[in-house]
Amino acid sequence: MRLPQARLEQVVDRFGEIEARMESATDGAEIVRLGKEHAELRPVAEAARALMAARAEREDLARLAGDADPDLADLAREDLADLDARLPGLERAIALLLAPRDADENASAILEVRAGTGGDEAALFAGDLFRMYSRYAQSRGWVVDVDSVSEGEAGGYKEIIASIAGEGVFGRLKFESGVHRVQRVPATESQGRIHTSAATVAVLPEVEDVSIEIRDQDLRIDTYRSSGAGGQHVNKTDSAVRITHLPSGIVVTSSEKSQHQNRARAMKVLMARLHQVKRDALADQRSEARKSQVGSGDRSERIRTYNFPQGRVTDHRINLTLYNLPKVMEGEALDEVIDPLIAEDQAARLADLEQSL
């Protein structure tokens with residue numbers, strides 16, 4: 001893909017305009033807005049300048065390659081060959097930055113894991129998935145904070161909701177939304193038969209308070225005593241919080257020890273779910289071909305199978321099969337699944353950009 005020179009110049013000019021306005025701006029809100037746009041546009045402008053400089057250098061080298069001095073011409077042709085090898089990479093880098101992009105790419109995220117079909121084994125698998133994501137988050141320096149949990153009778157979780165804070169969390173985890181299927185022999189199976197169970201994963205971008213307007217009259221807030229596995233961790237006060245958003249019917253809960261913290265956490269999850277409703281509505285407006293790409297995020301879609309007897313992980317959206325299941329479940333090799341999904345999405349975004357040029 002060769003980007004038009006005028007498009008590159010437009011980016012550089014816009015960046016220069018923002019810098020000039022930042023120097024003269026006095027209004028606090030405008031300074032914040034310009035600062036945010038400046039930070040977002042800086043890598044694009046730098047990439048555009050690098051590509052423009054490389055193109056100008058290529059024109060100079062092409063002229064020198066036809067010089068009457070054979071030694072000078074030979075050197076120019078060598079440099080020209082090196083530059084021609086680098087140019088496609090520079091073109092792709094700026095194209096990715098200019099391609100239609102998820103506005104929530106760099107956001108932190110709300111992770112929801114729920115047991116699906118399969119009874120106790122599904123709850124155990126939900127626990128395994130949450131452990132996988134927790135270890136992956138830890139390896140990337142992200143912070144995991146559990147907002148709400150409902151434990152399974154035999155272990156694992158019927159449902160667990162957690163916040164994952166860090167740079168670019170949603171961008172890397174958003175393709176995990178969907179149905180995850182497991183094929184393995186449950187610990188309770190005496191005959192050694194393989195069972196198939198499932199758990200659902202939802203990854204929602206965490207949004208700022210100002211992004212979603214929620215009226216007090218649209219909320220019903222209840223407190224109740226949360227239940228636990230027993231012992232010293234049983235909650236003996238009505239500290240758990242349930243918030244119902246009446247217009248949408250969305251219900252969120254938080255059941256940790258502090259009622260104040262529970263309310264704040266529940267509101268954070270509620271805002272994320274309302275934001276996701278908006279994202280889903282926008283996704284429905286896209287073409288059918290684009291919706292079929294990995295970014296659809298449909299939670300009812302079976303996206304991946306974990307086959308323990310074969311040590312196999314298969315992502316059905318891109319026909320990817322890996323035989324390193326133990327490392328994937330430890331979070332060590334999860335990038336080997338996530339990176340191809342991101343690459344597939346980037347290819348789709350580049351195709352969208354090419355059509356718009």
# chains A, B, ... in the order shown; residues from 1 in each chain; ligands from 1
$ residues_around --residues "Asn262 in chain A" --least-positions-apart "3" --cutoff "8 Å" --atoms "only C-alpha atoms" --output "JSON, numbers by chain"
{"A": [147, 239, 240, 241, 253, 254, 255, 256, 257, 258, 259, 265, 266]}
$ write_last_selection --atoms "N, CA and C atoms" --output "mmCIF file, in the first residue's frame"
data_model
loop_
_atom_site.group_PDB
_atom_site.id
_atom_site.type_symbol
_atom_site.label_atom_id
_atom_site.label_comp_id
_atom_site.auth_asym_id
_atom_site.auth_seq_id
_atom_site.Cartn_x
_atom_site.Cartn_y
_atom_site.Cartn_z
ATOM 1 N N ASP A 147 -13.842 -7.783 41.451
ATOM 2 C CA ASP A 147 -14.988 -6.958 41.804
ATOM 3 C C ASP A 147 -16.115 -7.778 42.408
ATOM 4 N N SER A 239 -23.139 -5.776 53.348
ATOM 5 C CA SER A 239 -22.201 -4.903 52.637
ATOM 6 C C SER A 239 -22.235 -5.104 51.127
ATOM 7 N N ALA A 240 -22.735 -6.253 50.653
ATOM 8 C CA ALA A 240 -22.798 -6.500 49.220
ATOM 9 C C ALA A 240 -23.799 -5.540 48.581
ATOM 10 N N VAL A 241 -23.494 -5.146 47.345
ATOM 11 C CA VAL A 241 -24.321 -4.152 46.655
ATOM 12 C C VAL A 241 -24.802 -4.711 45.330
ATOM 13 N N THR A 253 -23.423 -6.569 40.468
ATOM 14 C CA THR A 253 -23.241 -6.770 41.906
ATOM 15 C C THR A 253 -21.765 -6.676 42.257
ATOM 16 N N SER A 254 -21.501 -6.392 43.529
ATOM 17 C CA SER A 254 -20.147 -6.460 44.062
ATOM 18 C C SER A 254 -20.275 -6.921 45.504
ATOM 19 N N SER A 255 -19.442 -7.884 45.893
ATOM 20 C CA SER A 255 -19.662 -8.541 47.177
ATOM 21 C C SER A 255 -18.405 -8.642 48.029
ATOM 22 N N GLU A 256 -17.538 -7.637 47.950
ATOM 23 C CA GLU A 256 -16.377 -7.624 48.831
ATOM 24 C C GLU A 256 -16.776 -7.052 50.193
ATOM 25 N N LYS A 257 -15.816 -6.742 51.059
ATOM 26 C CA LYS A 257 -16.139 -6.435 52.456
ATOM 27 C C LYS A 257 -16.664 -5.022 52.679
ATOM 28 N N SER A 258 -16.243 -4.057 51.868
ATOM 29 C CA SER A 258 -16.626 -2.670 52.082
ATOM 30 C C SER A 258 -17.798 -2.288 51.199
ATOM 31 N N GLN A 259 -18.891 -1.805 51.823
ATOM 32 C CA GLN A 259 -20.062 -1.404 51.051
ATOM 33 C C GLN A 259 -19.738 -0.218 50.148
ATOM 34 N N ARG A 265 -17.340 -0.110 42.761
ATOM 35 C CA ARG A 265 -16.993 -1.153 41.794
ATOM 36 C C ARG A 265 -18.186 -1.522 40.926
ATOM 37 N N ALA A 266 -19.347 -1.626 41.534
ATOM 38 C CA ALA A 266 -20.549 -1.973 40.768
ATOM 39 C C ALA A 266 -20.860 -0.891 39.740
#
$ residues_around --residues "range 74-90 of chain A" --least-positions-apart "6" --cutoff "9 Å" --atoms "only C-alpha atoms" --output "short mmCIF file (atom, residue, chain, number, x, y, z; two decimals) with C-alpha atoms, in the first residue's frame"
data_model
loop_
_atom_site.label_atom_id
_atom_site.label_comp_id
_atom_site.auth_asym_id
_atom_site.auth_seq_id
_atom_site.Cartn_x
_atom_site.Cartn_y
_atom_site.Cartn_z
CA MET A 1 0.00 0.00 0.00
CA ARG A 2 1.39 3.42 -0.96
CA ALA A 47 5.89 8.03 11.33
CA ALA A 48 4.64 10.33 8.54
CA ALA A 50 9.99 9.38 8.66
CA LEU A 51 8.21 8.08 5.57
CA ALA A 54 12.65 8.23 3.22
CA ARG A 55 10.74 9.02 0.03
CA GLU A 57 15.98 10.32 0.15
CA ARG A 58 14.94 7.73 -2.42
CA ASP A 60 17.98 11.75 -4.36
CA LEU A 61 19.52 8.26 -4.48
CA ALA A 62 17.72 7.46 -7.72
CA ARG A 63 19.31 10.55 -9.31
CA LEU A 64 22.76 9.68 -7.95
CA ALA A 65 22.42 6.10 -9.25
CA GLY A 66 22.54 7.55 -12.77
CA ASP A 67 25.62 9.67 -12.06
#
$ closest_residue --among "A:Val11, A:Gly141, A:Ile214, A:Glu336" --to "Thr314 in chain A" --atoms "only C-alpha atoms"
A:Glu336
$ select_by_dssp --residues "range 65-283 of chain A" --states "strand (DSSP E)" --output "ChimeraX atom specification"
/A:109-115,143-151,157-165,178-184,195-205,219-224,240-245,250-254
$ write_last_selection --atoms "C-alpha atoms" --output "compact mmCIF listing (two decimals), in the first residue's frame"
# COMPACT_ATOMS: atom_id res chain seq x y z
CA ALA A 109 -10.84 -3.57 31.00
CA ILE A 110 -13.52 -5.40 32.93
CA LEU A 111 -13.12 -9.18 32.63
CA GLU A 112 -16.17 -11.37 33.21
CA VAL A 113 -15.86 -15.18 33.26
CA ARG A 114 -18.96 -17.35 33.76
CA ALA A 115 -19.47 -21.10 33.87
CA VAL A 143 -3.11 -5.07 38.01
CA VAL A 144 -6.04 -7.48 38.58
CA ASP A 145 -8.68 -6.52 41.15
CA VAL A 146 -11.67 -8.83 41.75
CA ASP A 147 -14.99 -6.96 41.80
CA SER A 148 -17.44 -9.82 42.34
CA VAL A 149 -17.22 -13.58 42.73
CA SER A 150 -19.60 -16.53 43.01
CA GLU A 151 -17.73 -19.74 43.75
CA TYR A 157 -16.34 -20.06 39.76
CA LYS A 158 -19.95 -19.83 38.67
CA GLU A 159 -19.09 -16.20 37.91
CA ILE A 160 -16.15 -13.92 38.56
CA ILE A 161 -15.81 -10.28 37.52
CA ALA A 162 -12.52 -8.41 37.80
CA SER A 163 -10.93 -5.14 36.73
CA ILE A 164 -7.64 -5.31 34.89
CA ALA A 165 -5.80 -2.00 34.94
CA GLY A 178 -17.03 -15.45 23.45
CA VAL A 179 -17.61 -19.09 24.38
CA HIS A 180 -14.55 -21.11 25.39
CA ARG A 181 -15.02 -24.88 25.18
CA VAL A 182 -12.98 -27.48 27.07
CA GLN A 183 -12.61 -31.18 26.32
CA ARG A 184 -11.04 -33.20 29.13
CA HIS A 195 -16.48 -34.46 28.81
CA THR A 196 -17.16 -31.23 26.95
CA SER A 197 -17.93 -28.14 29.02
CA ALA A 198 -17.94 -24.43 28.35
CA ALA A 199 -17.44 -21.05 29.93
CA THR A 200 -18.21 -17.60 28.57
CA VAL A 201 -15.78 -14.70 28.66
CA ALA A 202 -16.64 -11.04 28.23
CA VAL A 203 -14.03 -8.29 28.05
CA LEU A 204 -15.43 -4.76 28.33
CA PRO A 205 -13.47 -1.52 28.03
CA LEU A 219 -30.94 3.21 39.36
CA ARG A 220 -32.21 0.85 42.04
CA ILE A 221 -29.54 0.09 44.63
CA ASP A 222 -29.97 -2.80 47.08
CA THR A 223 -27.67 -4.05 49.81
CA TYR A 224 -27.61 -7.63 51.01
CA ALA A 240 -22.80 -6.50 49.22
CA VAL A 241 -24.32 -4.15 46.66
CA ARG A 242 -26.69 -4.85 43.76
CA ILE A 243 -27.36 -2.05 41.25
CA THR A 244 -30.16 -2.32 38.69
CA HIS A 245 -30.16 0.06 35.73
CA ILE A 250 -28.71 -4.46 33.45
CA VAL A 251 -27.93 -5.78 36.95
CA VAL A 252 -24.46 -5.64 38.50
CA THR A 253 -23.24 -6.77 41.91
CA SER A 254 -20.15 -6.46 44.06
$ select_by_dssp --residues "range 124-354 of chain A" --states "helix (DSSP H, G or I)" --output "PyMOL selection string"
chain A and resi 124-139+169-176+209-211+216-218+231-233+259-284+288-291+294-296+325-329+335-354
$ atom_distance --atom1 "CA of Glu344 in chain A" --atom2 "CA of Gln5 in chain A"
26.7 Å
$ atom_distance --atom1 "CA of Ile303 in chain A" --atom2 "CA of Ile194 in chain A"
20.0 Å
$ atom_distance --atom1 "CA of Ala53 in chain A" --atom2 "CA of Leu96 in chain A"
18.6 Å
$ residues_around --residues "Leu34 in chain A" --least-positions-apart "3" --cutoff "8 Å" --atoms "only C-alpha atoms" --output "list in words"
Ile18, Arg21, Met22, Glu30, Ile31, Glu37 and His38 of chain A
